[in-house]
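K.L.:
Dumping the structure here so I can ask a few things about it.
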Amino acid sequence: MSAEASVRPDPNRNTVLAMLLVVYIFNFVDRQILSILAAPIQADLQLDDGQMGLLGGFAFALLYSTMAVPLAALADRTSRSWVIAVSLAAWSGFTALCGLAQNFWHIFLARLGVGIGEAGGVAPSYALIGDYFPSEQRARALSVYSLGIPIGSGLGVLLGGYIASTVDWRTAFFTVGLLGVAIVPIFKWLVRDKQKPKVSAENSNDIAPMPALKETAGVLARKKSFWFLSFGAAMSSMLGYGIAFWLPSLLIRSFGFDLVGASQFFGAILLIGGVIGVLAGGFLADRLGGRDRAFYSWVPGVAFFLGAPLFAAGITSADWKLAFVLFLLPQALAYIWLGPVLSAIQHLVVPAARSTASALFLLINNLIGLGGGIYALGAVSDFLTPTYGDEALRYSMLYSLVLYAGAALLMALAGPALRKDWVAE
């Protein structure tokens, strides 16, 4: 039996995709809510920018990145849907616990728990989408799933800002955490693993055995495209996660917004720009990638190249109305890479190893991008404060734009390598 035959259209695939999207929205609501709550948390718990950077980046990314690999391998060998369901319950519970924090270490440990939980959600979801959708539709399906990033981030900012301003920041954590726990039984009722093809005596030799973690890692390590894609995405994520976390604080410090105004401004940018960018990336990748596999990395590379000067213009703008437009455009460009790159990673290994391959990609992307970017921007802001005062965060963001140049270069180099490394289905 061919690999392509195992990815026939399934009547339940849109339901599965919709539920995976809902879970991913909660993933990013729980992750992004910390950014809009940074100001009241810092005031209440007496935290500086460096400590907030650790909470937003390193505390989350450390175990999120490392635990994703064994949990993905477990999902490949057992049940992808069960691993996602248990993970959703775990990270939602730890999000609620953030509301009980009384000092830095309390919230640090709770964020570690959020990271452990979310580690089991994303890579198995990528693999389920790969199971349910054929190759020529996979970038678009992954883009629909990736809408969870801008939608979840936007809702996290909007809900967090509203609840914190009307009640307090602790109630915001309690609310979103308990809502996530309530979704778990609905998800497990509607989502099942894709049924594996039955093996008969005459075709048993055509079914590839389940690759071990070490074997999958070895396959990817020998492919230049994997390294170019992973480190290119990681460099862009350092900037993307850094700006996403610190922009609400910039709006409050440098543009004079209050908490609600900052949440509305940033939430609108995430929802409008993010949704457009994610969908555009998947559409362009499936359309252009069918002609030349290199476009799966070239499309993101062009987006990074164009996004850097637009972000710079927004960061240095003095008028919030102009800044909204200037931030909206690069925010869309910042999300274009998701569908193309995630789809390309799926095609570097055999179908049975998709969760593991995705987790190894996420290990690099998130440990460097999420773990380093948020902390780096906060630490640079602290370093520049004696010189620039309240404007230090603005200059920290501005200097970090060099990361997009490196990301664009690596994506350009990945194109030719993808032609050679691509695994057809």
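Within each chain, counting starts at residue 1; across the structure tokens, chains are named A, B, ... in the order shown, with ligands numbered 1 upward in that order.
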List the spatial neighbours of range 143-145 of chain A as a short mmCIF file (atom, residue, chain, number, x, y, z; two decimals) with all heavy atoms, in the first residue's frame - criterion: any atom at most 12 Å away, only C-alpha atoms, same-chain residues fewer than 5 positions off excluded.
P.N.:
data_model
loop_
_atom_site.label_atom_id
_atom_site.label_comp_id
_atom_site.auth_asym_id
_atom_site.auth_seq_id
_atom_site.Cartn_x
_atom_site.Cartn_y
_atom_site.Cartn_z
N ASN A 14 -12.30 18.02 8.69
CA ASN A 14 -12.56 19.42 9.02
C ASN A 14 -12.95 19.59 10.49
O ASN A 14 -12.59 20.59 11.11
CB ASN A 14 -13.64 19.99 8.10
CG ASN A 14 -13.15 20.15 6.67
OD1 ASN A 14 -11.97 20.37 6.43
ND2 ASN A 14 -14.06 20.01 5.72
N THR A 15 -13.67 18.61 11.04
CA THR A 15 -13.98 18.64 12.46
C THR A 15 -12.72 18.51 13.29
O THR A 15 -12.53 19.23 14.29
CB THR A 15 -14.96 17.50 12.83
OG1 THR A 15 -16.17 17.67 12.08
CG2 THR A 15 -15.27 17.50 14.31
N VAL A 16 -11.86 17.59 12.89
CA VAL A 16 -10.59 17.42 13.60
C VAL A 16 -9.77 18.70 13.54
O VAL A 16 -9.23 19.16 14.55
CB VAL A 16 -9.81 16.24 12.99
CG1 VAL A 16 -8.38 16.19 13.55
CG2 VAL A 16 -10.52 14.92 13.25
N LEU A 17 -9.68 19.30 12.35
CA LEU A 17 -8.91 20.53 12.20
C LEU A 17 -9.50 21.66 13.05
O LEU A 17 -8.76 22.43 13.69
CB LEU A 17 -8.88 20.95 10.72
CG LEU A 17 -8.08 22.21 10.38
CD1 LEU A 17 -6.62 22.08 10.81
CD2 LEU A 17 -8.16 22.52 8.89
N ALA A 18 -10.82 21.75 13.09
CA ALA A 18 -11.47 22.80 13.88
C ALA A 18 -11.17 22.63 15.37
O ALA A 18 -10.88 23.61 16.07
CB ALA A 18 -12.98 22.77 13.65
N MET A 19 -11.22 21.40 15.88
CA MET A 19 -10.94 21.18 17.29
C MET A 19 -9.46 21.40 17.62
O MET A 19 -9.12 21.93 18.68
CB MET A 19 -11.36 19.77 17.69
CG MET A 19 -12.86 19.58 17.79
SD MET A 19 -13.67 20.80 18.87
CE MET A 19 -12.80 20.57 20.42
N LEU A 20 -8.58 21.01 16.71
CA LEU A 20 -7.16 21.28 16.92
C LEU A 20 -6.91 22.79 16.96
O LEU A 20 -6.09 23.28 17.75
CB LEU A 20 -6.32 20.64 15.81
CG LEU A 20 -6.25 19.11 15.82
CD1 LEU A 20 -5.51 18.61 14.58
CD2 LEU A 20 -5.56 18.60 17.08
N LEU A 21 -7.63 23.53 16.12
CA LEU A 21 -7.52 24.99 16.12
C LEU A 21 -8.00 25.56 17.45
O LEU A 21 -7.35 26.45 18.02
CB LEU A 21 -8.34 25.57 14.97
CG LEU A 21 -8.50 27.10 14.94
CD1 LEU A 21 -7.15 27.79 14.87
CD2 LEU A 21 -9.38 27.52 13.76
N VAL A 22 -9.12 25.06 17.97
CA VAL A 22 -9.63 25.55 19.26
C VAL A 22 -8.59 25.32 20.37
O VAL A 22 -8.32 26.21 21.19
CB VAL A 22 -10.95 24.84 19.62
CG1 VAL A 22 -11.35 25.13 21.07
CG2 VAL A 22 -12.05 25.29 18.67
N VAL A 23 -8.00 24.13 20.38
CA VAL A 23 -6.98 23.83 21.39
C VAL A 23 -5.77 24.75 21.23
O VAL A 23 -5.21 25.24 22.22
CB VAL A 23 -6.56 22.35 21.30
CG1 VAL A 23 -5.36 22.07 22.21
CG2 VAL A 23 -7.72 21.46 21.68
N TYR A 24 -5.38 25.01 19.99
CA TYR A 24 -4.23 25.87 19.74
C TYR A 24 -4.53 27.32 20.15
O TYR A 24 -3.64 28.04 20.61
CB TYR A 24 -3.85 25.80 18.27
CG TYR A 24 -2.39 26.11 17.99
CD1 TYR A 24 -1.40 25.87 18.92
CD2 TYR A 24 -2.00 26.61 16.74
CE1 TYR A 24 -0.07 26.13 18.64
CE2 TYR A 24 -0.67 26.88 16.45
CZ TYR A 24 0.29 26.63 17.41
OH TYR A 24 1.61 26.89 17.13
N ILE A 25 -5.77 27.73 19.99
CA ILE A 25 -6.17 29.07 20.46
C ILE A 25 -5.96 29.17 21.96
O ILE A 25 -5.40 30.15 22.46
CB ILE A 25 -7.63 29.36 20.07
CG1 ILE A 25 -7.74 29.61 18.56
CG2 ILE A 25 -8.16 30.58 20.85
CD1 ILE A 25 -9.17 29.72 18.05
N ASN A 27 -3.93 27.39 23.67
CA ASN A 27 -2.48 27.34 23.85
C ASN A 27 -1.91 28.76 23.88
O ASN A 27 -1.14 29.12 24.78
CB ASN A 27 -1.88 26.51 22.70
CG ASN A 27 -0.38 26.35 22.77
OD1 ASN A 27 0.36 27.32 22.88
ND2 ASN A 27 0.08 25.11 22.65
N VAL A 122 1.52 20.70 20.39
CA VAL A 122 1.71 21.21 19.04
C VAL A 122 2.20 20.15 18.06
O VAL A 122 1.60 19.94 17.00
CB VAL A 122 2.66 22.42 19.05
CG1 VAL A 122 2.84 22.97 17.64
CG2 VAL A 122 2.12 23.50 19.98
N ALA A 123 3.31 19.48 18.37
CA ALA A 123 3.87 18.51 17.42
C ALA A 123 2.89 17.39 17.08
O ALA A 123 2.73 17.05 15.89
CB ALA A 123 5.18 17.94 17.97
N SER A 125 -0.28 17.63 17.02
CA SER A 125 -1.31 18.25 16.19
C SER A 125 -0.84 18.38 14.75
O SER A 125 -1.60 18.13 13.81
CB SER A 125 -1.67 19.64 16.75
OG SER A 125 -2.24 19.53 18.03
N TYR A 126 0.42 18.80 14.56
CA TYR A 126 0.98 18.84 13.21
C TYR A 126 0.87 17.48 12.54
O TYR A 126 0.50 17.36 11.36
CB TYR A 126 2.46 19.22 13.25
CG TYR A 126 2.78 20.64 13.67
CD1 TYR A 126 4.07 20.98 14.08
CD2 TYR A 126 1.82 21.64 13.65
CE1 TYR A 126 4.38 22.27 14.46
CE2 TYR A 126 2.13 22.94 14.03
CZ TYR A 126 3.41 23.24 14.44
OH TYR A 126 3.73 24.52 14.82
N ALA A 127 1.19 16.43 13.30
CA ALA A 127 1.17 15.09 12.73
C ALA A 127 -0.24 14.64 12.39
O ALA A 127 -0.47 13.99 11.36
CB ALA A 127 1.83 14.11 13.71
N LEU A 128 -1.22 14.95 13.25
CA LEU A 128 -2.61 14.60 12.94
C LEU A 128 -3.08 15.28 11.66
O LEU A 128 -3.77 14.67 10.83
CB LEU A 128 -3.52 15.00 14.10
CG LEU A 128 -3.74 13.99 15.22
CD1 LEU A 128 -4.67 14.57 16.28
CD2 LEU A 128 -4.32 12.68 14.67
N ILE A 129 -2.71 16.54 11.49
CA ILE A 129 -3.07 17.25 10.26
C ILE A 129 -2.40 16.58 9.07
O ILE A 129 -3.01 16.42 8.00
CB ILE A 129 -2.67 18.73 10.36
CG1 ILE A 129 -3.54 19.43 11.42
CG2 ILE A 129 -2.81 19.43 9.01
CD1 ILE A 129 -3.07 20.80 11.79
N GLY A 130 -1.15 16.18 9.24
CA GLY A 130 -0.47 15.46 8.17
C GLY A 130 -1.14 14.14 7.83
O GLY A 130 -1.15 13.71 6.68
N GLN A 137 -2.55 19.85 0.01
CA GLN A 137 -3.41 20.72 0.82
C GLN A 137 -2.84 20.96 2.21
O GLN A 137 -3.43 21.68 3.02
CB GLN A 137 -4.80 20.08 0.97
CG GLN A 137 -5.55 19.89 -0.33
CD GLN A 137 -6.88 19.19 -0.12
OE1 GLN A 137 -7.36 19.02 1.00
NE2 GLN A 137 -7.49 18.76 -1.21
N ARG A 138 -1.67 20.42 2.48
CA ARG A 138 -1.18 20.41 3.86
C ARG A 138 -0.74 21.79 4.35
O ARG A 138 -0.97 22.14 5.51
CB ARG A 138 -0.03 19.41 3.99
CG ARG A 138 0.29 19.05 5.43
CD ARG A 138 1.13 17.79 5.50
NE ARG A 138 0.35 16.66 5.00
CZ ARG A 138 0.89 15.62 4.36
NH1 ARG A 138 2.17 15.60 4.11
NH2 ARG A 138 0.12 14.64 3.95
N PRO A 150 -2.38 33.89 16.01
CA PRO A 150 -2.88 35.26 16.11
C PRO A 150 -4.21 35.37 16.86
O PRO A 150 -4.43 36.33 17.61
CB PRO A 150 -3.03 35.70 14.66
CG PRO A 150 -3.18 34.45 13.87
CD PRO A 150 -2.31 33.45 14.59
N ILE A 151 -5.12 34.39 16.65
CA ILE A 151 -6.41 34.46 17.34
C ILE A 151 -6.22 34.28 18.84
O ILE A 151 -6.75 35.06 19.66
CB ILE A 151 -7.38 33.41 16.79
CG1 ILE A 151 -7.73 33.72 15.32
CG2 ILE A 151 -8.66 33.36 17.63
CD1 ILE A 151 -8.58 32.65 14.66
N GLY A 152 -5.44 33.27 19.23
CA GLY A 152 -5.20 33.04 20.65
C GLY A 152 -4.44 34.17 21.29
O GLY A 152 -4.75 34.60 22.41
N GLY A 274 -2.30 39.05 11.85
CA GLY A 274 -1.93 37.65 11.99
C GLY A 274 -2.74 36.72 11.11
O GLY A 274 -2.20 35.83 10.45
N VAL A 275 -4.04 36.90 11.10
CA VAL A 275 -4.92 36.04 10.30
C VAL A 275 -4.59 36.17 8.81
O VAL A 275 -4.47 35.17 8.09
CB VAL A 275 -6.40 36.37 10.57
CG1 VAL A 275 -7.30 35.69 9.54
CG2 VAL A 275 -6.79 35.93 11.97
N ILE A 276 -4.41 37.40 8.35
CA ILE A 276 -4.06 37.62 6.94
C ILE A 276 -2.74 36.96 6.60
O ILE A 276 -2.60 36.26 5.58
CB ILE A 276 -4.02 39.13 6.62
CG1 ILE A 276 -5.41 39.74 6.72
CG2 ILE A 276 -3.43 39.38 5.22
CD1 ILE A 276 -5.43 41.25 6.61
N GLY A 277 -1.74 37.15 7.45
CA GLY A 277 -0.42 36.60 7.18
C GLY A 277 -0.39 35.09 7.17
O GLY A 277 0.21 34.47 6.28
N VAL A 278 -1.03 34.46 8.15
CA VAL A 278 -1.04 33.00 8.23
C VAL A 278 -1.71 32.38 7.00
O VAL A 278 -1.18 31.45 6.38
CB VAL A 278 -1.75 32.55 9.52
CG1 VAL A 278 -2.02 31.04 9.47
CG2 VAL A 278 -0.90 32.88 10.73
N LEU A 279 -2.89 32.89 6.63
CA LEU A 279 -3.60 32.34 5.48
C LEU A 279 -2.85 32.60 4.17
O LEU A 279 -2.79 31.73 3.30
CB LEU A 279 -5.01 32.93 5.41
CG LEU A 279 -5.95 32.53 6.55
CD1 LEU A 279 -7.31 33.23 6.38
CD2 LEU A 279 -6.14 31.02 6.60
N ALA A 280 -2.26 33.78 4.04
CA ALA A 280 -1.51 34.09 2.83
C ALA A 280 -0.31 33.17 2.68
O ALA A 280 0.00 32.70 1.57
CB ALA A 280 -1.04 35.55 2.86
N GLY A 281 0.37 32.86 3.78
CA GLY A 281 1.53 31.98 3.71
C GLY A 281 1.17 30.59 3.24
O GLY A 281 1.86 30.01 2.39
N GLY A 282 0.10 30.02 3.77
CA GLY A 282 -0.31 28.69 3.35
C GLY A 282 -0.75 28.66 1.90
O GLY A 282 -0.40 27.73 1.15
N PHE A 283 -1.49 29.68 1.46
CA PHE A 283 -1.95 29.72 0.08
C PHE A 283 -0.77 29.83 -0.88
O PHE A 283 -0.69 29.11 -1.89
CB PHE A 283 -2.89 30.91 -0.11
CG PHE A 283 -3.30 31.15 -1.55
CD1 PHE A 283 -4.29 30.38 -2.13
CD2 PHE A 283 -2.68 32.13 -2.30
CE1 PHE A 283 -4.66 30.59 -3.45
CE2 PHE A 283 -3.04 32.35 -3.62
CZ PHE A 283 -4.04 31.57 -4.20
N LEU A 284 0.16 30.74 -0.60
CA LEU A 284 1.31 30.94 -1.49
C LEU A 284 2.20 29.70 -1.53
O LEU A 284 2.71 29.33 -2.60
CB LEU A 284 2.12 32.15 -1.01
CG LEU A 284 1.47 33.52 -1.22
CD1 LEU A 284 2.28 34.61 -0.53
CD2 LEU A 284 1.33 33.83 -2.72
N ALA A 285 2.37 29.05 -0.39
CA ALA A 285 3.23 27.87 -0.36
C ALA A 285 2.65 26.74 -1.19
O ALA A 285 3.37 26.10 -1.98
CB ALA A 285 3.45 27.43 1.08
N ASP A 286 1.36 26.45 -1.03
CA ASP A 286 0.75 25.37 -1.80
C ASP A 286 0.72 25.70 -3.30
O ASP A 286 0.88 24.81 -4.14
CB ASP A 286 -0.67 25.10 -1.30
CG ASP A 286 -0.69 24.20 -0.07
OD1 ASP A 286 0.30 23.50 0.16
OD2 ASP A 286 -1.70 24.22 0.66
N TYR A 335 3.89 36.36 10.21
CA TYR A 335 3.20 35.07 10.34
C TYR A 335 3.21 34.25 9.06
O TYR A 335 2.75 33.09 9.06
CB TYR A 335 1.75 35.31 10.76
CG TYR A 335 1.58 35.62 12.23
CD1 TYR A 335 1.16 36.88 12.66
CD2 TYR A 335 1.83 34.65 13.19
CE1 TYR A 335 1.00 37.16 14.00
CE2 TYR A 335 1.67 34.92 14.54
CZ TYR A 335 1.25 36.18 14.93
OH TYR A 335 1.09 36.45 16.27
N ILE A 336 3.71 34.78 7.98
CA ILE A 336 3.66 34.07 6.70
C ILE A 336 4.45 32.76 6.74
O ILE A 336 4.09 31.79 6.05
CB ILE A 336 4.14 35.00 5.57
CG1 ILE A 336 2.99 35.92 5.14
CG2 ILE A 336 4.68 34.23 4.38
CD1 ILE A 336 3.33 36.89 4.03
N TRP A 337 5.50 32.69 7.52
CA TRP A 337 6.38 31.52 7.50
C TRP A 337 5.72 30.25 8.02
O TRP A 337 6.14 29.13 7.69
CB TRP A 337 7.65 31.80 8.30
CG TRP A 337 7.50 31.83 9.79
CD1 TRP A 337 7.25 32.91 10.56
CD2 TRP A 337 7.63 30.72 10.69
NE1 TRP A 337 7.19 32.56 11.90
CE2 TRP A 337 7.43 31.23 12.00
CE3 TRP A 337 7.88 29.36 10.54
CZ2 TRP A 337 7.48 30.42 13.14
CZ3 TRP A 337 7.92 28.55 11.68
CH2 TRP A 337 7.73 29.08 12.95
N LEU A 338 4.67 30.37 8.82
CA LEU A 338 4.16 29.21 9.55
C LEU A 338 3.71 28.06 8.64
O LEU A 338 4.21 26.94 8.76
CB LEU A 338 3.01 29.65 10.46
CG LEU A 338 3.44 30.45 11.68
CD1 LEU A 338 2.27 31.22 12.27
CD2 LEU A 338 4.07 29.53 12.72
N GLY A 339 2.77 28.32 7.74
CA GLY A 339 2.30 27.26 6.86
C GLY A 339 3.39 26.64 6.01
O GLY A 339 3.54 25.41 5.97
N PRO A 340 4.17 27.46 5.28
CA PRO A 340 5.22 26.90 4.42
C PRO A 340 6.27 26.09 5.17
O PRO A 340 6.60 24.97 4.77
CB PRO A 340 5.84 28.15 3.79
CG PRO A 340 4.78 29.19 3.84
CD PRO A 340 4.01 28.92 5.09
N VAL A 341 6.81 26.63 6.25
CA VAL A 341 7.89 25.95 6.95
C VAL A 341 7.40 24.70 7.67
O VAL A 341 8.04 23.64 7.61
CB VAL A 341 8.59 26.91 7.95
CG1 VAL A 341 9.58 26.15 8.82
CG2 VAL A 341 9.30 28.02 7.19
N LEU A 342 6.26 24.78 8.33
CA LEU A 342 5.73 23.61 9.03
C LEU A 342 5.39 22.49 8.05
O LEU A 342 5.60 21.31 8.35
CB LEU A 342 4.50 24.00 9.84
CG LEU A 342 4.73 25.01 10.96
CD1 LEU A 342 3.43 25.37 11.64
CD2 LEU A 342 5.74 24.49 11.96
N SER A 343 4.89 22.85 6.89
CA SER A 343 4.60 21.84 5.87
C SER A 343 5.89 21.21 5.36
O SER A 343 5.98 20.00 5.17
CB SER A 343 3.83 22.48 4.71
OG SER A 343 3.53 21.51 3.73
#
K.L.:
Mind pulling up the distance from CA of Arg31 in chain A to CA of Val191 in chain A?
P.N.:
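Separation between CA of Val191 in chain A and CA of Arg31 in chain A: 23.2 Å.
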K.L.:
Using only C-alpha atoms, find each residue in range 36-153 of chain A having at least one atom no more than 10 Å away from range 357-376 of chain A; report its shortest atom-to-atom pair and that distance in Å (one decimal), rows by chain then rising number, as a tab-separated table.
P.N.:
residue	atom	partner	partner_atom	distance
A:Asp49	CA	A:Tyr375	CA	8.4
A:Gly50	CA	A:Tyr375	CA	6.4
A:Gln51	CA	A:Tyr375	CA	8.0
A:Met52	CA	A:Tyr375	CA	7.7
A:Gly53	CA	A:Tyr375	CA	3.9
A:Leu54	CA	A:Tyr375	CA	5.4
A:Leu55	CA	A:Tyr375	CA	8.3
A:Gly56	CA	A:Ile374	CA	6.4
A:Gly57	CA	A:Gly371	CA	4.3
A:Phe58	CA	A:Gly371	CA	4.2
A:Ala59	CA	A:Gly371	CA	7.6
A:Phe60	CA	A:Gly371	CA	7.3
A:Ala61	CA	A:Gly371	CA	4.9
A:Leu62	CA	A:Leu367	CA	6.4
A:Leu63	CA	A:Leu367	CA	8.9
A:Tyr64	CA	A:Asn366	CA	7.9
A:Ser65	CA	A:Leu363	CA	4.5
A:Thr66	CA	A:Leu363	CA	6.1
A:Met67	CA	A:Leu363	CA	8.7
A:Ala68	CA	A:Ala359	CA	5.5
A:Val69	CA	A:Ala359	CA	5.0
A:Pro70	CA	A:Ala359	CA	8.5
A:Leu71	CA	A:Ala359	CA	8.5
A:Ala72	CA	A:Ala359	CA	6.2
A:Ala73	CA	A:Ala359	CA	8.5
A:Ala119	CA	A:Ala359	CA	8.6
A:Gly120	CA	A:Ala359	CA	9.1
A:Val122	CA	A:Ala359	CA	8.0
A:Ala123	CA	A:Ser358	CA	5.2
A:Pro124	CA	A:Ser358	CA	8.1
A:Ser125	CA	A:Ser358	CA	9.5
A:Tyr126	CA	A:Ser358	CA	7.1
A:Ala127	CA	A:Ser358	CA	7.8
K.L.:
Measure the distance from CA of Leu271 in chain A to CA of Ala323 in chain A in Å and round it to one decimal.
P.N.:
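Distance between the two atoms: 16.0 Å.
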K.L.:
Can you work out which one of A:Leu97, A:Leu45, A:Leu247, A:Ala294 has the shortest atom-to-atom distance to Gly378 in chain A, counting only C-alpha atoms?
P.N.:
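Among the listed residues, A:Leu247 lies closest to Gly378 in chain A.
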K.L.:
Which neighbours of Asp390 in chain A fall inside 10 Å, counting only C-alpha atoms, when residues of the same chain fewer than 6 positions from it are skipped, and could you give them as a list of chain:residue names?
P.N.:
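The contact residues come out as A:Leu250, A:Arg253, A:Ser254, A:Ser381, A:Leu384.
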K.L.:
Would you output that residue set with N, CA, C and O atoms, as a short mmCIF file (atom, residue, chain, number, x, y, z; two decimals), in the first residue's frame?
P.N.:
data_model
loop_
_atom_site.label_atom_id
_atom_site.label_comp_id
_atom_site.auth_asym_id
_atom_site.auth_seq_id
_atom_site.Cartn_x
_atom_site.Cartn_y
_atom_site.Cartn_z
N LEU A 250 5.55 48.65 25.61
CA LEU A 250 6.00 49.81 24.84
C LEU A 250 4.85 50.79 24.63
O LEU A 250 5.04 52.02 24.74
N ARG A 253 4.40 52.66 27.94
CA ARG A 253 5.50 53.52 28.34
C ARG A 253 5.75 54.66 27.36
O ARG A 253 6.01 55.80 27.77
N SER A 254 5.72 54.35 26.06
CA SER A 254 6.16 55.33 25.06
C SER A 254 5.02 56.00 24.30
O SER A 254 5.21 57.07 23.72
N SER A 381 16.75 46.07 27.30
CA SER A 381 16.01 47.25 27.78
C SER A 381 16.55 47.70 29.14
O SER A 381 16.74 48.90 29.37
N LEU A 384 19.87 49.45 28.61
CA LEU A 384 19.78 50.75 27.97
C LEU A 384 19.03 51.80 28.81
O LEU A 384 19.04 52.98 28.47
#
K.L.:
Taking only residues of range 71-96 of chain A that have an atom at most 12 Å from an atom of range 105-109 of chain A, what is each one's shortest atom pair and its distance in Å to one decimal, using only C-alpha atoms, in chain and number order, as a tab-separated table?
P.N.:
residue	atom	partner	partner_atom	distance
A:Phe94	CA	A:Leu109	CA	9.1
A:Thr95	CA	A:Ile107	CA	9.5
A:Ala96	CA	A:Ile107	CA	10.7
K.L.:
Mind checking which residues fall within 10 Å of Ala182 in chain A, counting only C-alpha atoms, ignoring those fewer than 6 positions away in the same chain, and posting them as a PyMOL selection string?
P.N.:
chain A and resi 88-89+92
K.L.:
Please write the residues from the selection above to a file, keeping N, CA, C and O atoms, as a short mmCIF file (atom, residue, chain, number, x, y, z; two decimals), in the first residue's frame.
P.N.:
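And here is the file that came out, selection_32.cif:
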data_model
loop_
_atom_site.label_atom_id
_atom_site.label_comp_id
_atom_site.auth_asym_id
_atom_site.auth_seq_id
_atom_site.Cartn_x
_atom_site.Cartn_y
_atom_site.Cartn_z
N LEU A 88 -3.51 19.53 27.19
CA LEU A 88 -4.41 20.67 27.34
C LEU A 88 -4.85 20.81 28.80
O LEU A 88 -4.87 21.92 29.35
N ALA A 89 -5.21 19.71 29.42
CA ALA A 89 -5.62 19.75 30.83
C ALA A 89 -4.48 20.25 31.71
O ALA A 89 -4.69 21.05 32.64
N SER A 92 -3.58 24.13 31.06
CA SER A 92 -4.67 24.99 31.52
C SER A 92 -4.69 25.06 33.05
O SER A 92 -4.90 26.14 33.64
#
K.L.:
Can you pull out every residue from range 185-407 of chain A that DSSP, working from the backbone, puts in helix (DSSP H, G or I), and format the result as number ranges by chain?
P.N.:
A: 185-190, 204-206, 213-221, 224-254, 259-289, 295-316, 320-334, 338-346, 351-399, 402-407
K.L.:
Suppose you want the space between CA of Ser35 in chain A and CA of Thr166 in chain A; what is it in Å?
P.N.:
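Pair CA of Ser35 in chain A / CA of Thr166 in chain A returns 17.3 Å.
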K.L.:
Within 9 Å of Ser249 in chain A, counting only C-alpha atoms, which residues qualify if same-chain residues fewer than 5 places away don't, as a VMD selection string?
P.N.:
chain A and resid 35 to 36 38 to 39 254 259 262 393
K.L.:
Name all residues at most 10 Å from Tyr395 in chain A (count only C-alpha atoms; drop same-chain ones fewer than 3 positions away) and give them as a list in words.
P.N.:
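Here the answer would be Ala312, Ile315, Thr316, Leu377, Val380, Ser381, Leu384, Thr385, Tyr388, Glu391, Ala392, Leu398, Tyr399 and Ser400 of chain A.
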